[in-house]
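Novice: Enclosed is the structure file query.cif (mmCIF, C-alpha atoms).
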data_run
#
loop_
_atom_site.group_PDB
_atom_site.id
_atom_site.type_symbol
_atom_site.label_atom_id
_atom_site.label_comp_id
_atom_site.auth_asym_id
_atom_site.auth_seq_id
_atom_site.Cartn_x
_atom_site.Cartn_y
_atom_site.Cartn_z
ATOM 1 C CA MET A 1 70.063 108.932 98.511
ATOM 2 C CA LYS A 2 71.556 107.213 101.557
ATOM 3 C CA LYS A 3 70.755 103.833 100.063
ATOM 4 C CA HIS A 4 72.526 104.837 96.833
ATOM 5 C CA ILE A 5 75.708 105.849 98.708
ATOM 6 C CA SER A 6 75.602 102.650 100.751
ATOM 7 C CA GLU A 7 75.415 100.526 97.594
ATOM 8 C CA LYS A 8 78.351 102.432 96.116
ATOM 9 C CA ARG A 9 80.393 101.831 99.245
ATOM 10 C CA GLN A 10 79.862 98.084 98.937
ATOM 11 C CA LYS A 11 81.862 98.139 95.716
ATOM 12 C CA SER A 12 85.525 97.417 96.401
ATOM 13 C CA GLN A 13 88.386 99.576 95.178
ATOM 14 C CA LYS A 14 89.522 96.658 93.043
ATOM 15 C CA ASP A 15 86.056 96.460 91.430
ATOM 16 C CA LEU A 16 86.193 100.162 90.647
ATOM 17 C CA ILE A 17 89.592 99.907 88.963
ATOM 18 C CA LEU A 18 88.498 96.854 86.972
ATOM 19 C CA GLU A 19 85.430 98.841 85.891
ATOM 20 C CA PHE A 20 87.730 101.481 84.359
ATOM 21 C CA PHE A 21 89.675 98.867 82.390
ATOM 22 C CA LYS A 22 86.449 97.238 81.190
ATOM 23 C CA LYS A 23 85.360 100.612 79.819
ATOM 24 C CA HIS A 24 88.596 100.718 77.789
ATOM 25 C CA PRO A 25 89.098 97.159 76.454
ATOM 26 C CA ASN A 26 92.295 96.267 74.578
ATOM 27 C CA LYS A 27 93.799 99.681 75.289
ATOM 28 C CA ASP A 28 97.249 100.158 76.830
ATOM 29 C CA ILE A 29 96.593 102.228 79.938
ATOM 30 C CA SER A 30 99.297 103.874 82.004
ATOM 31 C CA HIS A 31 99.280 103.487 85.769
ATOM 32 C CA PRO A 32 98.765 107.232 86.521
ATOM 33 C CA GLU A 33 95.778 107.393 84.161
ATOM 34 C CA VAL A 34 93.784 104.670 85.935
ATOM 35 C CA VAL A 35 94.868 105.770 89.437
ATOM 36 C CA ASP A 36 93.842 109.411 88.820
ATOM 37 C CA TRP A 37 90.433 108.332 87.523
ATOM 38 C CA ALA A 38 89.859 105.829 90.343
ATOM 39 C CA THR A 39 90.909 108.319 93.038
ATOM 40 C CA LYS A 40 88.493 111.001 91.795
ATOM 41 C CA THR A 41 85.643 108.550 91.170
ATOM 42 C CA TRP A 42 86.004 106.855 94.567
ATOM 43 C CA LYS A 43 86.003 110.234 96.319
ATOM 44 C CA ARG A 44 82.914 111.355 94.403
ATOM 45 C CA GLN A 45 81.009 108.101 95.005
ATOM 46 C CA THR A 46 81.919 107.446 98.625
ATOM 47 C CA GLY A 47 83.283 110.696 100.026
ATOM 48 C CA ARG A 48 86.377 108.803 101.151
ATOM 49 C CA VAL A 49 90.033 108.635 100.100
ATOM 50 C CA LEU A 50 91.067 105.759 97.861
ATOM 51 C CA ARG A 51 93.614 103.653 99.756
ATOM 52 C CA ASP A 52 96.497 101.962 97.931
ATOM 53 C CA PRO A 53 95.204 101.839 94.326
ATOM 54 C CA ASP A 54 98.640 100.521 93.301
ATOM 55 C CA ARG A 55 97.972 97.339 95.242
ATOM 56 C CA ALA A 56 94.556 96.914 93.609
ATOM 57 C CA VAL A 57 96.093 97.156 90.123
ATOM 58 C CA ARG A 58 98.815 94.692 91.121
ATOM 59 C CA ILE A 59 96.273 92.185 92.460
ATOM 60 C CA LEU A 60 94.153 92.435 89.292
ATOM 61 C CA HIS A 61 97.298 91.712 87.297
ATOM 62 C CA GLU A 62 98.274 88.764 89.511
ATOM 63 C CA GLU A 63 94.766 87.328 89.295
ATOM 64 C CA GLY A 64 94.931 87.359 85.518
ATOM 65 C CA TYR A 65 92.453 90.139 84.791
ATOM 66 C CA LEU A 66 95.092 92.542 83.449
ATOM 67 C CA ILE A 67 98.000 92.006 81.080
ATOM 68 C CA LYS A 68 101.189 93.868 81.969
ATOM 69 C CA VAL A 69 102.377 95.398 78.686
ATOM 70 C CA GLU A 70 105.446 97.053 80.205
ATOM 71 C CA LYS A 71 106.372 98.711 83.482
ATOM 72 C CA GLY A 72 103.431 100.837 84.596
ATOM 73 C CA VAL A 73 101.254 99.977 81.578
ATOM 74 C CA TYR A 74 98.376 97.482 81.676
ATOM 75 C CA ARG A 75 95.724 96.195 79.290
ATOM 76 C CA TYR A 76 92.342 94.539 79.804
ATOM 77 C CA ASN A 77 91.543 91.915 77.176
ATOM 78 C CA PRO A 78 87.917 90.734 77.596
ATOM 79 C CA LYS A 79 88.656 87.482 75.766
ATOM 80 C CA SER A 80 91.537 86.408 78.004
ATOM 81 C CA ALA A 81 89.869 87.778 81.146
ATOM 82 C CA THR A 82 86.779 85.632 80.608
ATOM 83 C CA LYS A 83 89.074 82.630 80.250
ATOM 84 C CA LYS A 84 90.709 83.384 83.580
ATOM 85 C CA LYS A 85 89.764 80.041 85.125
ATOM 86 C CA GLN A 86 91.008 78.210 82.030
ATOM 87 C CA GLN A 87 94.486 79.712 82.270
ATOM 88 C CA ASN A 88 95.622 76.945 84.612
ATOM 89 C CA PHE A 89 96.502 73.582 83.087
ATOM 90 C CA THR A 90 94.051 70.747 83.654
ATOM 91 C CA GLU A 91 95.323 67.481 85.136
ATOM 92 C CA VAL A 92 94.972 65.844 81.702
ATOM 93 C CA GLN A 93 97.085 68.601 80.091
ATOM 94 C CA LYS A 94 99.737 68.297 82.813
ATOM 95 C CA LYS A 95 100.068 64.552 82.245
ATOM 96 C CA LYS A 96 100.422 65.042 78.486
ATOM 97 C CA ILE A 97 103.074 67.744 78.900
ATOM 98 C CA LEU A 98 105.040 65.674 81.428
ATOM 99 C CA LYS A 99 104.905 62.638 79.133
ATOM 100 C CA ARG A 100 105.943 64.691 76.095
ATOM 101 C CA ASP A 101 108.945 66.061 78.004
ATOM 102 C CA GLY A 102 109.930 62.609 79.267
ATOM 103 C CA ASN A 103 109.102 63.517 82.888
ATOM 104 C CA LYS A 104 112.262 65.621 83.022
ATOM 105 C CA CYS A 105 113.080 69.302 83.359
ATOM 106 C CA VAL A 106 113.573 70.708 79.855
ATOM 107 C CA ILE A 107 116.502 72.822 81.120
ATOM 108 C CA CYS A 108 118.604 70.498 83.277
ATOM 109 C CA GLY A 109 117.201 67.112 82.228
ATOM 110 C CA LYS A 110 116.615 65.996 85.815
ATOM 111 C CA GLY A 111 113.453 64.345 87.089
ATOM 112 C CA LYS A 112 111.978 62.454 90.002
ATOM 113 C CA LYS A 113 114.726 59.816 89.802
ATOM 114 C CA GLU A 114 117.203 62.534 90.733
ATOM 115 C CA GLY A 115 114.924 63.693 93.550
ATOM 116 C CA MET A 116 113.559 66.695 91.658
ATOM 117 C CA GLU A 117 110.028 68.010 92.087
ATOM 118 C CA LEU A 118 108.553 68.732 88.661
ATOM 119 C CA HIS A 119 106.203 71.552 87.664
ATOM 120 C CA VAL A 120 104.222 72.189 84.495
ATOM 121 C CA ASP A 121 104.985 75.790 83.580
ATOM 122 C CA HIS A 122 103.605 78.298 81.075
ATOM 123 C CA ILE A 123 106.271 79.160 78.470
ATOM 124 C CA LYS A 124 104.546 82.492 77.871
ATOM 125 C CA PRO A 125 103.452 83.547 81.380
ATOM 126 C CA LYS A 126 99.775 83.789 82.310
ATOM 127 C CA ASP A 127 100.144 87.416 83.367
ATOM 128 C CA ARG A 128 101.372 88.264 79.867
ATOM 129 C CA GLY A 129 98.477 86.586 78.103
ATOM 130 C CA GLY A 130 99.875 83.049 77.945
ATOM 131 C CA GLU A 131 97.173 80.422 77.552
ATOM 132 C CA ALA A 132 96.860 76.981 79.101
ATOM 133 C CA THR A 133 97.595 74.985 75.968
ATOM 134 C CA ILE A 134 99.878 71.972 75.623
ATOM 135 C CA SER A 135 102.077 73.864 73.150
ATOM 136 C CA ASN A 136 102.527 76.652 75.734
ATOM 137 C CA GLY A 137 103.472 74.198 78.471
ATOM 138 C CA GLN A 138 106.853 72.889 79.563
ATOM 139 C CA THR A 139 108.230 70.728 82.352
ATOM 140 C CA LEU A 140 110.574 72.441 84.809
ATOM 141 C CA CYS A 141 112.163 71.287 88.045
ATOM 142 C CA SER A 142 111.313 73.401 91.099
ATOM 143 C CA GLN A 143 114.683 75.211 90.936
ATOM 144 C CA HIS A 144 114.413 76.261 87.292
ATOM 145 C CA ASN A 145 110.741 77.116 87.718
ATOM 146 C CA PHE A 146 111.667 79.456 90.588
ATOM 147 C CA MET A 147 114.504 80.998 88.565
ATOM 148 C CA LYS A 148 112.216 81.574 85.578
ATOM 149 C CA LYS A 149 109.563 83.269 87.696
ATOM 150 C CA ASN A 150 112.176 85.584 89.217
ATOM 151 C CA VAL A 151 114.272 86.255 86.105
ATOM 152 C CA ASP A 152 113.227 89.933 85.933
ATOM 153 C CA GLN A 153 114.351 90.520 89.510
ATOM 154 C CA THR A 154 117.706 88.764 89.009
ATOM 155 C CA GLU A 155 118.327 90.678 85.778
ATOM 156 C CA THR A 156 117.601 93.970 87.520
ATOM 157 C CA GLY A 157 119.954 93.013 90.349
ATOM 158 C CA LYS A 158 122.804 92.066 88.031
ATOM 159 C CA LYS A 159 122.478 95.284 86.028
ATOM 160 C CA MET A 160 122.473 97.297 89.249
ATOM 161 C CA PHE A 161 125.698 95.651 90.493
ATOM 162 C CA ILE A 162 127.370 96.188 87.099
ATOM 163 C CA ARG A 163 126.545 99.907 87.301
ATOM 164 C CA LEU A 164 127.720 100.064 90.898
ATOM 165 C CA TYR A 165 130.946 98.258 90.016
ATOM 166 C CA THR A 166 131.620 100.716 87.159
ATOM 167 C CA LEU A 167 131.003 103.662 89.493
ATOM 168 C CA ALA A 168 133.254 102.199 92.209
ATOM 169 C CA LYS A 169 136.006 101.606 89.648
ATOM 170 C CA LYS A 170 135.723 105.191 88.436
ATOM 171 C CA GLU A 171 135.876 106.520 92.000
ATOM 172 C CA LYS A 172 138.677 104.062 92.877
ATOM 173 C CA ASN A 173 136.654 102.618 95.750
ATOM 174 C CA LYS A 174 138.453 99.271 96.055
ATOM 175 C CA GLY A 175 136.201 97.903 98.828
ATOM 176 C CA LEU A 176 132.956 98.502 96.970
ATOM 177 C CA GLN A 177 134.541 97.341 93.745
ATOM 178 C CA LYS A 178 135.523 93.998 95.320
ATOM 179 C CA PHE A 179 132.066 93.606 96.881
ATOM 180 C CA CYS A 180 130.343 94.042 93.499
ATOM 181 C CA ALA A 181 132.871 91.801 91.758
ATOM 182 C CA ASP A 182 132.234 88.982 94.259
ATOM 183 C CA ILE A 183 128.480 89.192 93.662
ATOM 184 C CA LEU A 184 128.873 89.294 89.881
ATOM 185 C CA LYS A 185 131.198 86.265 90.046
ATOM 186 C CA THR A 186 128.425 84.422 91.896
ATOM 187 C CA TYR A 187 126.050 85.158 89.028
ATOM 188 C CA LYS A 188 128.615 83.667 86.642
ATOM 189 C CA LYS A 189 129.335 80.656 88.861
ATOM 190 C CA HIS A 190 125.670 79.678 88.960
ATOM 191 C CA ASN A 191 125.048 80.578 85.304
ATOM 192 C CA VAL A 192 122.362 83.136 86.122
ATOM 193 C CA ASN A 193 121.579 85.838 83.512
ATOM 194 C CA GLY A 194 124.619 84.914 81.428
ATOM 195 C CA HIS A 195 123.235 86.981 78.527
ATOM 196 C CA ILE A 196 124.061 90.147 80.500
ATOM 197 C CA GLU A 197 127.785 90.664 80.016
ATOM 198 C CA TRP A 198 130.054 92.132 82.648
ATOM 199 C CA GLU A 199 133.478 93.487 81.811
ATOM 200 C CA LYS A 200 136.001 93.930 84.643
#
As a first step, turn the structure in this file into structure tokens.

Specialist:
Amino acid sequence: MKKHISEKRQKSQKDLILEFFKKHPNKDISHPEVVDWATKTWKRQTGRVLRDPDRAVRILHEEGYLIKVEKGVYRYNPKSATKKKQQNFTEVQKKKILKRDGNKCVICGKGKKEGMELHVDHIKPKDRGGEATISNGQTLCSQHNFMKKNVDQTETGKKMFIRLYTLAKKEKNKGLQKFCADILKTYKKHNVNGHIEWEK
């Protein structure tokens, strides 16, 4: 019995959570559902409290095992998970993509001649099921690659400042209103998230 418990304890929390997803392949699973199961199972198997299951889910997603369907909902696809190592472009693929794109960023048109560092990027992100194929690859400079990877965060920020600006305007808080307006003007100046409209 002691040996059995010891073997169970050797299993990591991440392994346990992945085990749950593997039991439910291609199913959209909400965050609370997997965390509740993992917490109870870990307690039963080890007698201990499961620490930070949120982090374990996040790491599995970042490592390519889970596809993030929407906020708080993940899916395990056995086919894409087994191809985890193949989700990165090979050197041969990178060279072909760079050549196809003329060794220039597809957004700004700048390349090494302009002092830009170039990256081969997934058009459909890896963590959303994007594969490492030449058709799913594009050349981006380091700046546009960074902006693309952080587009969700910048969109969230802009929407937040628009809401805050509207509230400040309603409450006639001139100081806060000006603060939000200055930030939103910076978004416009640098052409970030231009598809999100802001009306003064």

Novice: Which residues would end up in the selection if the PyMOL selection byres ((chain A and resi 186-188) around 12) were applied here, given that I need the answer as a list in words?

Specialist: Thr154, Glu155, Gly157, Lys158, Lys159, Phe161, Ile162, Phe179, Cys180, Ala181, Asp182, Ile183, Leu184, Lys185, Lys189, His190, Asn191, Val192, Asn193, Gly194, His195, Ile196, Glu197, Trp198 and Glu199 of chain A

Novice: Any chance you could resolve the PyMOL selection byres ((chain A and resi 15-30) around 7) against this file and give the residues as a PyMOL selection string?

Specialist: chain A and resi 11-14+31-34+38+72-78

Novice: Please indicate the distance in Å from atom CA of A:Gln93 to atom CA of A:His61, rounded to one decimal place.

Specialist: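 Taking atom CA of A:Gln93 as the start and atom CA of A:His61 as the end point, the length is 24.2 Å.
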
Novice: Name the closest residue to A:Lys110 among the candidates A:Thr166, A:Thr139, A:Asn88, A:Thr39; distances are taken between atoms, counting only C-alpha atoms.

Specialist: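 Among the listed residues, the smallest separation from A:Lys110 belongs to A:Thr139.
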
Novice: Quick one: residues within 8 Å of stretch 97-108 of chain A, only C-alpha atoms, excluding same-chain residues fewer than 5 positions away - as a CSV table (one decimal) with C-alpha atoms, in the frame of the given file?

Specialist:
chain,number,residue,atom,x,y,z
A,118,LEU,CA,108.6,68.7,88.7
A,120,VAL,CA,104.2,72.2,84.5
A,134,ILE,CA,99.9,72.0,75.6
A,137,GLY,CA,103.5,74.2,78.5
A,138,GLN,CA,106.9,72.9,79.6
A,139,THR,CA,108.2,70.7,82.4
A,140,LEU,CA,110.6,72.4,84.8
A,141,CYS,CA,112.2,71.3,88.0
A,144,HIS,CA,114.4,76.3,87.3

Novice: Could you tell me how far atom CA of A:Ala81 lies from atom CA of A:Lys94, in Å and to one decimal?

Specialist: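 So the two atoms, atom CA of A:Ala81 and atom CA of A:Lys94, lie 21.9 Å apart.
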
Novice: Report the distance between atom CA of A:Trp37 and atom CA of A:Ile59 in Å, rounded to one decimal place.

Specialist: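 Between these atoms lies a distance of 17.9 Å.
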
Novice: Would you pick out the contacts of A:Ile123 at 10 Å or less, using all atoms listed in the file, so that residues sharing its chain but fewer than 5 positions from it are not included, and give the list as a PyMOL selection string?

Specialist: chain A and resi 130-133+135-139+148

Novice: Would you kindly place N, CA and C atoms on stretch 82-107 of chain A and return the model as a PDB file, in the frame of the given file?

Specialist:
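The file below, out29.pdb, is the result:
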ATOM      1  N   THR A  82      87.895  86.557  80.412  1.00  0.00           N
ATOM      2  CA  THR A  82      86.779  85.632  80.608  1.00  0.00           C
ATOM      3  C   THR A  82      87.268  84.194  80.673  1.00  0.00           C
ATOM      4  N   LYS A  83      88.490  83.968  80.204  1.00  0.00           N
ATOM      5  CA  LYS A  83      89.074  82.630  80.250  1.00  0.00           C
ATOM      6  C   LYS A  83      89.976  82.453  81.459  1.00  0.00           C
ATOM      7  N   LYS A  84      89.832  83.380  82.414  1.00  0.00           N
ATOM      8  CA  LYS A  84      90.709  83.384  83.580  1.00  0.00           C
ATOM      9  C   LYS A  84      90.847  82.014  84.234  1.00  0.00           C
ATOM     10  N   LYS A  85      89.728  81.341  84.463  1.00  0.00           N
ATOM     11  CA  LYS A  85      89.764  80.041  85.125  1.00  0.00           C
ATOM     12  C   LYS A  85      90.425  78.973  84.261  1.00  0.00           C
ATOM     13  N   GLN A  86      90.439  79.188  82.942  1.00  0.00           N
ATOM     14  CA  GLN A  86      91.008  78.210  82.030  1.00  0.00           C
ATOM     15  C   GLN A  86      92.508  78.411  81.820  1.00  0.00           C
ATOM     16  N   GLN A  87      93.075  79.437  82.476  1.00  0.00           N
ATOM     17  CA  GLN A  87      94.486  79.712  82.270  1.00  0.00           C
ATOM     18  C   GLN A  87      95.392  78.728  83.002  1.00  0.00           C
ATOM     19  N   ASN A  88      94.845  77.973  83.943  1.00  0.00           N
ATOM     20  CA  ASN A  88      95.622  76.945  84.612  1.00  0.00           C
ATOM     21  C   ASN A  88      95.477  75.640  83.840  1.00  0.00           C
ATOM     22  N   PHE A  89      96.550  74.856  83.787  1.00  0.00           N
ATOM     23  CA  PHE A  89      96.502  73.582  83.087  1.00  0.00           C
ATOM     24  C   PHE A  89      95.591  72.599  83.814  1.00  0.00           C
ATOM     25  N   THR A  90      94.850  71.810  83.055  1.00  0.00           N
ATOM     26  CA  THR A  90      94.051  70.747  83.654  1.00  0.00           C
ATOM     27  C   THR A  90      94.988  69.580  83.988  1.00  0.00           C
ATOM     28  N   GLU A  91      94.507  68.653  84.787  1.00  0.00           N
ATOM     29  CA  GLU A  91      95.323  67.481  85.136  1.00  0.00           C
ATOM     30  C   GLU A  91      95.669  66.669  83.898  1.00  0.00           C
ATOM     31  N   VAL A  92      94.734  66.581  82.954  1.00  0.00           N
ATOM     32  CA  VAL A  92      94.972  65.844  81.702  1.00  0.00           C
ATOM     33  C   VAL A  92      96.090  66.510  80.901  1.00  0.00           C
ATOM     34  N   GLN A  93      96.042  67.859  80.810  1.00  0.00           N
ATOM     35  CA  GLN A  93      97.085  68.601  80.091  1.00  0.00           C
ATOM     36  C   GLN A  93      98.443  68.410  80.747  1.00  0.00           C
ATOM     37  N   LYS A  94      98.475  68.468  82.085  1.00  0.00           N
ATOM     38  CA  LYS A  94      99.737  68.297  82.813  1.00  0.00           C
ATOM     39  C   LYS A  94     100.371  66.949  82.513  1.00  0.00           C
ATOM     40  N   LYS A  95      99.554  65.901  82.518  1.00  0.00           N
ATOM     41  CA  LYS A  95     100.068  64.552  82.245  1.00  0.00           C
ATOM     42  C   LYS A  95     100.636  64.450  80.838  1.00  0.00           C
ATOM     43  N   LYS A  96      99.957  65.072  79.880  1.00  0.00           N
ATOM     44  CA  LYS A  96     100.422  65.042  78.486  1.00  0.00           C
ATOM     45  C   LYS A  96     101.731  65.807  78.323  1.00  0.00           C
ATOM     46  N   ILE A  97     101.852  66.933  78.989  1.00  0.00           N
ATOM     47  CA  ILE A  97     103.074  67.744  78.900  1.00  0.00           C
ATOM     48  C   ILE A  97     104.240  67.015  79.556  1.00  0.00           C
ATOM     49  N   LEU A  98     104.000  66.439  80.730  1.00  0.00           N
ATOM     50  CA  LEU A  98     105.040  65.674  81.428  1.00  0.00           C
ATOM     51  C   LEU A  98     105.507  64.502  80.580  1.00  0.00           C
ATOM     52  N   LYS A  99     104.567  63.792  79.980  1.00  0.00           N
ATOM     53  CA  LYS A  99     104.905  62.638  79.133  1.00  0.00           C
ATOM     54  C   LYS A  99     105.702  63.081  77.908  1.00  0.00           C
ATOM     55  N   ARG A 100     105.250  64.166  77.276  1.00  0.00           N
ATOM     56  CA  ARG A 100     105.943  64.691  76.095  1.00  0.00           C
ATOM     57  C   ARG A 100     107.389  65.059  76.403  1.00  0.00           C
ATOM     58  N   ASP A 101     107.610  65.631  77.599  1.00  0.00           N
ATOM     59  CA  ASP A 101     108.945  66.061  78.004  1.00  0.00           C
ATOM     60  C   ASP A 101     109.738  64.955  78.705  1.00  0.00           C
ATOM     61  N   GLY A 102     109.205  63.742  78.689  1.00  0.00           N
ATOM     62  CA  GLY A 102     109.930  62.609  79.267  1.00  0.00           C
ATOM     63  C   GLY A 102     110.033  62.660  80.779  1.00  0.00           C
ATOM     64  N   ASN A 103     109.088  63.367  81.423  1.00  0.00           N
ATOM     65  CA  ASN A 103     109.102  63.517  82.888  1.00  0.00           C
ATOM     66  C   ASN A 103     110.440  64.052  83.403  1.00  0.00           C
ATOM     67  N   LYS A 104     110.982  64.999  82.641  1.00  0.00           N
ATOM     68  CA  LYS A 104     112.262  65.621  83.022  1.00  0.00           C
ATOM     69  C   LYS A 104     112.202  67.119  82.768  1.00  0.00           C
ATOM     70  N   CYS A 105     112.969  67.860  83.546  1.00  0.00           N
ATOM     71  CA  CYS A 105     113.080  69.302  83.359  1.00  0.00           C
ATOM     72  C   CYS A 105     113.694  69.578  81.992  1.00  0.00           C
ATOM     73  N   VAL A 106     113.074  70.432  81.202  1.00  0.00           N
ATOM     74  CA  VAL A 106     113.573  70.708  79.855  1.00  0.00           C
ATOM     75  C   VAL A 106     114.887  71.502  79.873  1.00  0.00           C
ATOM     76  N   ILE A 107     115.256  72.053  81.024  1.00  0.00           N
ATOM     77  CA  ILE A 107     116.502  72.822  81.120  1.00  0.00           C
ATOM     78  C   ILE A 107     117.673  71.968  81.588  1.00  0.00           C
TER      79      ILE A 107
END
